[in-house]
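As provided, structure-v3.cif (mmCIF, C-alpha atoms) reads as follows.
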```
data_target
loop_
_atom_site.label_atom_id
_atom_site.label_comp_id
_atom_site.auth_asym_id
_atom_site.auth_seq_id
_atom_site.Cartn_x
_atom_site.Cartn_y
_atom_site.Cartn_z
CA MET A 227 0.00 0.00 0.00
CA LYS A 228 1.14 3.56 -0.75
CA THR A 229 2.43 5.36 2.32
CA THR A 230 0.07 8.23 1.59
CA GLU A 231 -2.87 5.82 1.77
CA GLN A 232 -1.87 4.03 4.96
CA ASP A 233 -4.14 4.26 7.97
CA SER A 234 -3.67 7.28 10.22
CA HIS A 235 -1.81 6.78 13.49
CA TYR A 236 -4.87 8.35 15.13
CA ASN A 237 -8.35 6.86 15.42
CA ASN A 238 -11.83 7.88 16.54
CA LEU A 239 -11.07 11.44 15.45
CA GLU A 240 -14.70 12.42 15.85
CA LEU A 241 -14.38 11.78 19.59
CA LEU A 242 -11.42 14.09 20.08
CA SER A 243 -11.62 17.63 21.43
CA ALA A 244 -10.57 20.59 19.32
CA ARG A 245 -7.30 20.80 21.27
CA GLU A 246 -6.55 17.10 20.81
CA ILE A 247 -7.19 17.38 17.06
CA ILE A 248 -4.90 20.34 16.50
CA GLU A 249 -2.19 18.89 18.75
CA GLY A 250 -2.28 15.70 16.69
CA ILE A 251 -2.06 17.61 13.41
CA ASN A 252 0.81 19.69 14.74
CA ALA A 253 2.68 16.60 15.92
CA GLU A 254 2.41 15.10 12.43
CA ASP A 255 3.49 18.37 10.81
CA HIS A 256 6.74 18.24 12.78
CA LEU A 257 7.70 15.18 10.73
CA VAL A 258 7.51 17.01 7.40
CA ALA A 259 10.71 19.07 7.60
CA ASP A 260 12.79 15.97 8.36
CA ALA A 261 11.31 14.17 5.34
CA VAL A 262 12.05 17.16 3.13
CA GLN A 263 15.63 17.33 4.42
CA GLU A 264 16.23 13.87 2.99
CA THR A 265 15.49 15.24 -0.50
CA LEU A 266 18.04 18.08 -0.46
CA PRO A 267 20.63 16.36 -2.71
CA GLN A 268 18.00 15.82 -5.39
CA VAL A 269 16.64 19.36 -5.06
CA GLU A 270 20.18 20.71 -5.40
CA THR A 271 20.73 18.71 -8.58
CA LEU A 272 17.45 19.99 -10.01
CA VAL A 273 18.16 23.63 -9.18
CA LYS A 274 21.59 23.46 -10.80
CA GLY A 275 20.06 21.91 -13.90
CA ILE A 276 17.33 24.55 -14.04
CA VAL A 277 19.76 27.46 -13.72
CA GLU A 278 21.99 26.05 -16.44
CA ARG A 279 19.02 25.78 -18.80
CA VAL A 280 17.55 29.17 -17.92
CA HIS A 281 20.83 30.74 -18.99
CA ARG A 282 20.14 29.17 -22.39
CA GLY A 283 16.61 30.59 -22.52
CA GLY A 284 14.77 27.78 -20.75
CA ARG A 285 11.67 27.87 -18.58
CA ILE A 286 10.30 25.80 -15.72
CA PHE A 287 6.93 24.08 -16.03
CA TYR A 288 5.03 22.60 -13.11
CA ILE A 289 2.32 20.02 -13.82
CA GLY A 290 -0.09 18.40 -11.40
CA ALA A 291 -3.69 17.57 -10.59
CA GLY A 292 -5.86 18.58 -7.65
CA THR A 293 -3.97 19.90 -4.66
CA SER A 294 -0.60 19.12 -6.25
CA GLY A 295 -1.53 21.07 -9.38
CA ARG A 296 -2.77 24.02 -7.34
CA LEU A 297 0.50 24.16 -5.41
CA GLY A 298 2.44 24.37 -8.67
CA VAL A 299 0.22 27.11 -10.05
CA VAL A 300 0.51 29.10 -6.82
CA ASP A 301 4.31 28.84 -6.71
CA ALA A 302 4.62 29.88 -10.36
CA SER A 303 2.18 32.76 -9.94
CA GLU A 304 4.18 34.21 -7.05
CA ILE A 305 7.39 34.62 -9.06
CA PRO A 306 6.39 37.76 -11.06
CA PRO A 307 5.38 39.89 -8.04
CA THR A 308 8.23 38.63 -5.89
CA TYR A 309 11.08 38.79 -8.39
CA GLY A 310 9.74 40.85 -11.30
CA VAL A 311 10.14 37.99 -13.79
CA ARG A 312 7.30 36.85 -16.04
CA GLY A 313 6.99 33.67 -18.08
CA LEU A 314 9.85 31.83 -16.40
CA PHE A 315 7.82 29.59 -14.08
CA ILE A 316 4.58 28.27 -15.56
CA GLY A 317 2.07 26.16 -13.65
CA LEU A 318 -0.29 23.79 -15.45
CA ILE A 319 -3.12 21.96 -13.70
CA ALA A 320 -5.12 19.03 -15.08
CA GLY A 321 -8.48 20.37 -16.23
CA GLY A 322 -7.24 23.90 -16.88
CA PRO A 323 -7.67 27.10 -14.84
CA SER A 324 -11.17 26.19 -13.63
CA ALA A 325 -9.65 23.21 -11.79
CA MET A 326 -8.05 25.67 -9.36
CA PHE A 327 -11.46 26.06 -7.75
CA ASN A 328 -13.47 23.00 -8.80
CA ALA A 329 -12.64 19.38 -9.50
CA VAL A 330 -12.68 18.58 -13.23
CA GLU A 331 -13.90 15.02 -13.64
CA GLY A 332 -11.45 12.68 -15.34
CA ALA A 333 -8.85 15.36 -16.13
CA GLU A 334 -6.08 13.77 -14.08
CA ASP A 335 -6.62 10.39 -15.76
CA ASN A 336 -5.57 11.67 -19.21
CA GLU A 337 -1.98 10.51 -19.78
CA SER A 338 -1.52 12.73 -22.82
CA GLY A 339 -3.20 15.75 -21.26
CA ALA A 340 -0.12 17.39 -19.78
CA TRP A 341 1.87 17.27 -23.01
CA GLU A 342 -1.13 18.62 -24.90
CA ASP A 343 -1.30 21.50 -22.41
CA LEU A 344 2.45 22.03 -22.66
CA ARG A 345 2.61 22.11 -26.45
CA GLN A 346 0.95 25.52 -26.60
CA TYR A 347 4.15 26.91 -25.04
CA SER A 348 6.39 25.34 -27.73
CA PRO A 349 8.66 23.54 -25.24
CA THR A 350 12.34 23.07 -26.05
CA GLU A 351 15.25 21.04 -24.72
CA ASN A 352 16.24 24.03 -22.59
CA ASP A 353 13.02 23.77 -20.56
CA THR A 354 12.45 21.84 -17.34
CA LEU A 355 9.32 19.95 -16.33
CA VAL A 356 8.55 19.24 -12.68
CA GLY A 357 5.68 16.81 -12.11
CA ILE A 358 3.94 17.10 -8.75
CA ALA A 359 1.95 14.11 -7.49
CA ALA A 360 1.65 13.11 -3.85
CA SER A 361 0.54 9.59 -4.79
CA GLY A 362 3.07 9.33 -7.59
CA THR A 363 0.55 7.56 -9.80
CA THR A 364 -1.45 10.41 -11.38
CA PRO A 365 -1.65 9.59 -15.13
CA TYR A 366 -1.63 13.29 -16.14
CA VAL A 367 1.72 13.71 -14.36
CA VAL A 368 3.25 10.33 -15.20
CA GLY A 369 2.40 10.74 -18.89
CA GLY A 370 3.52 14.35 -18.92
CA ILE A 371 6.95 13.50 -17.53
CA ARG A 372 7.33 10.59 -19.95
CA ASP A 373 6.46 12.76 -22.97
CA ALA A 374 8.64 15.65 -21.80
CA ARG A 375 11.63 13.37 -21.31
CA LYS A 376 11.16 11.90 -24.78
CA ASN A 377 11.30 15.43 -26.16
CA GLY A 378 14.53 16.31 -24.38
CA LEU A 379 13.29 18.40 -21.45
CA LEU A 380 14.94 18.01 -18.06
CA THR A 381 12.39 16.17 -15.92
CA ALA A 382 11.85 15.92 -12.18
CA CYS A 383 9.04 14.92 -9.88
CA ILE A 384 7.90 15.66 -6.35
CA THR A 385 6.11 12.75 -4.71
CA CYS A 386 5.53 11.30 -1.25
CA ASN A 387 5.63 7.58 -2.02
CA GLU A 388 8.66 5.40 -2.57
CA ASN A 389 8.84 3.35 -5.77
CA ALA A 390 6.14 5.48 -7.38
CA PRO A 391 5.63 5.31 -11.17
CA VAL A 392 6.25 9.04 -11.48
CA ALA A 393 9.70 8.63 -9.89
CA ALA A 394 10.57 5.91 -12.39
CA GLU A 395 9.82 8.29 -15.29
CA ALA A 396 11.68 11.36 -13.99
CA GLU A 397 15.41 11.97 -14.35
CA ILE A 398 15.47 13.61 -10.92
CA PRO A 399 12.97 11.99 -8.52
CA ILE A 400 12.35 14.00 -5.36
CA VAL A 401 10.65 11.71 -2.85
CA ALA A 402 9.60 13.08 0.54
CA VAL A 403 8.05 10.24 2.54
CA VAL A 404 6.05 12.01 5.23
CA GLY A 405 4.08 8.96 6.38
CA PRO A 406 0.34 8.47 6.84
CA GLU A 407 -1.86 11.55 7.06
CA PHE A 408 -3.70 12.61 10.23
CA VAL A 409 -6.92 12.02 8.31
CA THR A 410 -6.26 8.87 6.29
CA GLY A 411 -5.46 9.67 2.66
CA SER A 412 -5.89 13.44 3.03
CA THR A 413 -2.74 14.41 1.14
CA ARG A 414 -3.63 18.10 1.23
CA MET A 415 -2.08 17.95 4.70
CA LYS A 416 1.48 16.62 5.28
CA ALA A 417 2.14 15.64 1.68
CA ALA A 418 1.05 19.03 0.39
CA THR A 419 3.12 20.79 3.04
CA ALA A 420 6.20 18.86 1.93
CA GLN A 421 5.50 19.66 -1.72
CA LYS A 422 5.08 23.35 -0.93
CA MET A 423 8.36 23.42 1.00
CA ILE A 424 10.20 21.79 -1.91
CA LEU A 425 8.64 24.13 -4.46
CA ASN A 426 9.70 27.08 -2.30
CA MET A 427 13.27 25.81 -2.35
CA ILE A 428 13.29 25.20 -6.10
CA SER A 429 11.93 28.60 -7.12
CA THR A 430 13.68 30.66 -4.45
CA ALA A 431 17.10 29.07 -4.96
CA THR A 432 16.72 29.46 -8.72
CA MET A 433 15.89 33.15 -8.48
CA ILE A 434 18.74 33.84 -6.06
CA LEU A 435 21.24 32.06 -8.30
CA LEU A 436 19.92 34.05 -11.27
CA GLY A 437 20.77 37.27 -9.45
CA LYS A 438 17.27 38.38 -8.50
CA VAL A 439 18.18 38.89 -4.82
CA LYS A 440 20.79 41.29 -3.47
CA GLY A 441 21.99 40.67 0.06
CA ASN A 442 18.77 39.23 1.38
CA LYS A 443 16.38 41.63 -0.36
CA MET A 444 13.95 41.24 -3.27
CA PHE A 445 15.44 44.01 -5.39
CA ASP A 446 13.16 43.37 -8.35
CA MET A 447 9.79 42.92 -6.60
CA GLN A 448 6.73 44.53 -8.16
CA LEU A 449 5.43 47.64 -6.41
CA SER A 450 1.82 46.46 -6.28
CA ASN A 451 0.69 48.04 -3.00
CA ALA A 452 1.59 50.64 -0.39
CA LYS A 453 3.33 48.10 1.86
CA LEU A 454 5.71 47.08 -0.91
CA VAL A 455 6.40 50.69 -1.88
CA ASP A 456 7.32 51.38 1.75
CA ARG A 457 9.51 48.27 1.89
CA GLY A 458 11.21 49.23 -1.36
CA THR A 459 11.82 52.77 -0.13
CA ARG A 460 13.55 51.49 2.99
CA MET A 461 15.59 49.07 0.91
CA ILE A 462 16.81 52.00 -1.18
CA MET A 463 17.70 53.98 1.93
CA GLU A 464 19.69 51.06 3.31
CA ALA A 465 21.48 50.36 0.03
CA THR A 466 22.42 53.96 -0.72
CA GLY A 467 22.75 55.52 2.72
CA ILE A 468 20.11 58.13 1.87
CA THR A 469 18.31 59.32 4.99
CA ASP A 470 15.56 61.26 3.21
CA TYR A 471 12.55 58.91 2.98
CA GLY A 472 10.76 61.18 0.52
CA LYS A 473 13.73 61.30 -1.85
CA ALA A 474 14.12 57.52 -1.76
CA LYS A 475 10.41 56.98 -2.38
CA ALA A 476 10.37 59.45 -5.26
CA ALA A 477 13.29 57.64 -6.88
CA LEU A 478 11.54 54.32 -6.45
CA LEU A 479 8.34 55.55 -8.07
CA GLN A 480 10.24 57.24 -10.86
CA HIS A 481 12.34 54.22 -11.80
CA GLY A 482 9.80 51.51 -10.98
CA SER A 483 12.07 49.11 -9.11
CA VAL A 484 14.50 49.09 -6.22
CA ARG A 485 17.34 47.91 -8.43
CA ARG A 486 16.95 50.69 -11.01
CA ALA A 487 16.41 53.34 -8.36
CA VAL A 488 19.55 52.32 -6.46
CA SER A 489 21.61 52.32 -9.66
CA ALA A 490 20.32 55.76 -10.63
CA LEU A 491 20.94 57.28 -7.22
CA LYS A 492 24.46 55.87 -7.02
CA ALA A 493 25.21 57.14 -10.53
CA ASP A 494 24.15 60.67 -9.53
CA ARG A 495 26.75 60.83 -6.75
#
```
Conversion result in structure tokens:
Amino acid sequence: MKTTEQDSHYNNLELLSAREIIEGINAEDHLVADAVQETLPQVETLVKGIVERVHRGGRIFYIGAGTSGRLGVVDASEIPPTYGVRGLFIGLIAGGPSAMFNAVEGAEDNESGAWEDLRQYSPTENDTLVGIAASGTTPYVVGGIRDARKNGLLTACITCNENAPVAAEAEIPIVAVVGPEFVTGSTRMKAATAQKMILNMISTATMILLGKVKGNKMFDMQLSNAKLVDRGTRMIMEATGITDYGKAKAALLQHGSVRRAVSALKADR
């Protein structure tokens, strides 16, 4: 039996108090980081491969179904506002955009569906495909990785079961075995948490290695609200030594990004 389908270590959940339930969930969540730590060598290999291909014009595609697909779409959608880069990370979910909010019957069972979705982006050998499937058996993901690998893309997977079909298809299998869920089979819990942590590492490490972070700051973030404008202004003050908040803010708004504003202010000195 798949680890993700094994019986919970807890029983008679309906008889537990609210405190007992949340303590049990929290105790299980503590196991996730250790499981993810075991995958670090594979994540490192993937990140290095991604960066190498991005320098040649490549992109990163996430594919998945259900919760796994939603996690990929969310991670990809957060790259433009965080790092000011569009079209580099692309998330595809079985069933299309509507599947972000509602289950699309049968979509995840289509083995050719992912490659059909991917073809609209004209994939090349410089691209990377990361298949996300907690069970490791989702046909949409297994078939997508198989087709991508045949077409020369770098392929990886994120799964939570050992010896999963998806891991057999991927060049770089990332397997975080988090154990049975608190609610049996509810992989939106520990498995999804592990997948999210790994996606965070992949995208964040990639963007740092591509020069989108300076020091520990997001120098290319989009200025989409007042909080981020304030953060950007203070970043400029720290980077340039300017003590006039108004001057730093004006430069930020004029140039549209922390990086460009800092360069302009330093050039004026």
How close does each residue of stretch 243-282 of chain A get to stretch 408-414 of chain A, giving the shortest atom pair and distance in Å to one decimal for every residue with an atom at most 9 Å away, counting all atoms listed in the file, sorted by chain and residue number, as a tab-separated table?
```
residue	atom	partner	partner_atom	distance
A:Gly250	CA	A:Phe408	CA	7.3
A:Ile251	CA	A:Phe408	CA	6.1
A:Glu254	CA	A:Phe408	CA	7.0
```
Export C-alpha atoms of the chosen residues as a tab-separated table (two decimals), in the coordinates of the input?
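This is the output file selection_39.tsv:
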```tsv
chain	number	residue	atom	x	y	z
A	250	GLY	CA	-2.28	15.70	16.69
A	251	ILE	CA	-2.06	17.61	13.41
A	254	GLU	CA	2.41	15.10	12.43
```
Near stretch 295-300 of chain A, 10 Å: stretch 341-454 of chain A residue rows, closest pairs, all atoms listed in the file, as CSV:
```
residue,atom,partner,partner_atom,distance
A:Val356,CA,A:Gly298,CA,8.9
A:Gly357,CA,A:Gly295,CA,8.8
A:Ile358,CA,A:Gly295,CA,6.8
A:Ala359,CA,A:Gly295,CA,8.0
A:Val367,CA,A:Gly295,CA,9.5
A:Arg414,CA,A:Leu297,CA,9.9
A:Ala418,CA,A:Leu297,CA,7.8
A:Thr419,CA,A:Leu297,CA,9.5
A:Gln421,CA,A:Leu297,CA,7.7
A:Lys422,CA,A:Leu297,CA,6.5
A:Leu425,CA,A:Gly298,CA,7.5
```
Might you spell out which residues the PyMOL selection byres ((chain A and resi 464-469) around 10) would select in the displayed file, as a list in words?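 So the PyMOL selection byres ((chain A and resi 464-469) around 10) ends up selecting Lys440, Gly441, Gly458, Thr459, Arg460, Met461, Ile462, Met463, Asp470, Tyr471, Gly472, Lys473, Ala474, Val484, Arg485, Ala487, Val488, Ser489, Leu491 and Lys492 of chain A.
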Using only C-alpha atoms, which residue out of A:Arg486, A:Lys228, A:Lys416, A:Lys438 lies closest to A:His256?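 Once distances to A:His256 are computed over only C-alpha atoms, the minimum belongs to A:Lys416.
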Distance of atom CA of A:Ala259 from atom CA of A:Asp446, expressed in Å to one decimal place: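 If I compute the distance from atom CA of A:Asp446 to atom CA of A:Ala259, I get 29.2 Å.
With all atoms listed in the file as the atoms that count, the minimum distance from A:His281 to the choices A:Ile305, A:Val392, A:Leu314, A:Leu242 is reached by A:Leu314.
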Residues around (9.4, 20.5, -17.4), cut-off 7 Å, counting only C-alpha atoms - what are they as a PyMOL selection string? chain A and resi 286-288+353-356+374+379-381
Rounded to one decimal, what separation in Å do you get between atom CA of A:Ala490 and atom CA of A:Gly313?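 Taking atom CA of A:Ala490 and atom CA of A:Gly313, their separation equals 26.9 Å.
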List, as a VMD selection string, every residue that the PyMOL selection byres ((chain A and resi 395-398) around 12) selects in the file provided. chain A and resid 265 to 276 354 to 358 362 to 363 365 367 to 376 378 to 385 389 to 394 399 to 401
Please, could you write that set of residues out with C-alpha atoms as a PDB file, keeping the file's coordinate frame?
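Saved result, result_8.pdb, follows:
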```pdb
ATOM      1  CA  THR A 265      15.490  15.240  -0.500  1.00  0.00           C
ATOM      2  CA  LEU A 266      18.040  18.080  -0.460  1.00  0.00           C
ATOM      3  CA  PRO A 267      20.630  16.360  -2.710  1.00  0.00           C
ATOM      4  CA  GLN A 268      18.000  15.820  -5.390  1.00  0.00           C
ATOM      5  CA  VAL A 269      16.640  19.360  -5.060  1.00  0.00           C
ATOM      6  CA  GLU A 270      20.180  20.710  -5.400  1.00  0.00           C
ATOM      7  CA  THR A 271      20.730  18.710  -8.580  1.00  0.00           C
ATOM      8  CA  LEU A 272      17.450  19.990 -10.010  1.00  0.00           C
ATOM      9  CA  VAL A 273      18.160  23.630  -9.180  1.00  0.00           C
ATOM     10  CA  LYS A 274      21.590  23.460 -10.800  1.00  0.00           C
ATOM     11  CA  GLY A 275      20.060  21.910 -13.900  1.00  0.00           C
ATOM     12  CA  ILE A 276      17.330  24.550 -14.040  1.00  0.00           C
ATOM     13  CA  THR A 354      12.450  21.840 -17.340  1.00  0.00           C
ATOM     14  CA  LEU A 355       9.320  19.950 -16.330  1.00  0.00           C
ATOM     15  CA  VAL A 356       8.550  19.240 -12.680  1.00  0.00           C
ATOM     16  CA  GLY A 357       5.680  16.810 -12.110  1.00  0.00           C
ATOM     17  CA  ILE A 358       3.940  17.100  -8.750  1.00  0.00           C
ATOM     18  CA  GLY A 362       3.070   9.330  -7.590  1.00  0.00           C
ATOM     19  CA  THR A 363       0.550   7.560  -9.800  1.00  0.00           C
ATOM     20  CA  PRO A 365      -1.650   9.590 -15.130  1.00  0.00           C
ATOM     21  CA  VAL A 367       1.720  13.710 -14.360  1.00  0.00           C
ATOM     22  CA  VAL A 368       3.250  10.330 -15.200  1.00  0.00           C
ATOM     23  CA  GLY A 369       2.400  10.740 -18.890  1.00  0.00           C
ATOM     24  CA  GLY A 370       3.520  14.350 -18.920  1.00  0.00           C
ATOM     25  CA  ILE A 371       6.950  13.500 -17.530  1.00  0.00           C
ATOM     26  CA  ARG A 372       7.330  10.590 -19.950  1.00  0.00           C
ATOM     27  CA  ASP A 373       6.460  12.760 -22.970  1.00  0.00           C
ATOM     28  CA  ALA A 374       8.640  15.650 -21.800  1.00  0.00           C
ATOM     29  CA  ARG A 375      11.630  13.370 -21.310  1.00  0.00           C
ATOM     30  CA  LYS A 376      11.160  11.900 -24.780  1.00  0.00           C
ATOM     31  CA  GLY A 378      14.530  16.310 -24.380  1.00  0.00           C
ATOM     32  CA  LEU A 379      13.290  18.400 -21.450  1.00  0.00           C
ATOM     33  CA  LEU A 380      14.940  18.010 -18.060  1.00  0.00           C
ATOM     34  CA  THR A 381      12.390  16.170 -15.920  1.00  0.00           C
ATOM     35  CA  ALA A 382      11.850  15.920 -12.180  1.00  0.00           C
ATOM     36  CA  CYS A 383       9.040  14.920  -9.880  1.00  0.00           C
ATOM     37  CA  ILE A 384       7.900  15.660  -6.350  1.00  0.00           C
ATOM     38  CA  THR A 385       6.110  12.750  -4.710  1.00  0.00           C
ATOM     39  CA  ASN A 389       8.840   3.350  -5.770  1.00  0.00           C
ATOM     40  CA  ALA A 390       6.140   5.480  -7.380  1.00  0.00           C
ATOM     41  CA  PRO A 391       5.630   5.310 -11.170  1.00  0.00           C
ATOM     42  CA  VAL A 392       6.250   9.040 -11.480  1.00  0.00           C
ATOM     43  CA  ALA A 393       9.700   8.630  -9.890  1.00  0.00           C
ATOM     44  CA  ALA A 394      10.570   5.910 -12.390  1.00  0.00           C
ATOM     45  CA  PRO A 399      12.970  11.990  -8.520  1.00  0.00           C
ATOM     46  CA  ILE A 400      12.350  14.000  -5.360  1.00  0.00           C
ATOM     47  CA  VAL A 401      10.650  11.710  -2.850  1.00  0.00           C
TER      48      VAL A 401
END
```
Computed gap from atom CA of A:Ser294 to atom CA of A:Glu331 is 15.8 Å
Quick one: of A:Ala325, A:Ala302, A:Ala477, A:Ile289, who's nearest to A:Leu344, counting only C-alpha atoms?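 Using only C-alpha atoms, A:Leu344 sits closest to A:Ile289.
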Counting all atoms listed in the file, which of A:Ser243, A:Thr364, A:Asn451, A:Lys475 gets nearest to A:Ala340?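 Looking at the shortest contact to A:Ala340, the residue is A:Thr364.
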Please evaluate the PyMOL selection byres ((chain A and resi 309) around 8) against the structure above and give the resulting residues as a PyMOL selection string. chain A and resi 305-308+310-311+433+438-439+444-448
May I have the centre and edge lengths, in Å to one decimal, of an axis-aligned box around the listed atoms of stretch 256-269 of chain A with 6 Å added to every side, as lines of an AutoDock Vina configuration file?
```
center_x = 13.7
center_y = 16.6
center_z = 3.7
size_x = 25.9
size_y = 17.5
size_z = 30.2
```
Within 9 Å of (-5.5, 19.7, -8.2) (coordinates as in the file), grab all the protein and nucleic acid residues, counting all atoms listed in the file, and write them out as a list in words.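 The answer, in the requested form, is Gly290, Ala291, Gly292, Thr293, Ser294, Gly295, Arg296, Leu297, Ile319, Ala320, Gly321, Ala325, Met326, Phe327, Asn328, Ala329, Val330 and Glu334 of chain A.
Counting all atoms listed in the file and comparing A:Val258, A:Leu241, A:Met427, A:Ile316, the residue that lies closest to A:Glu407 is A:Val258.
Shortest atom-to-atom contact with A:Leu257 among A:Val403, A:Gly482, A:Asn442, A:Glu342: A:Val403, counting all atoms listed in the file.
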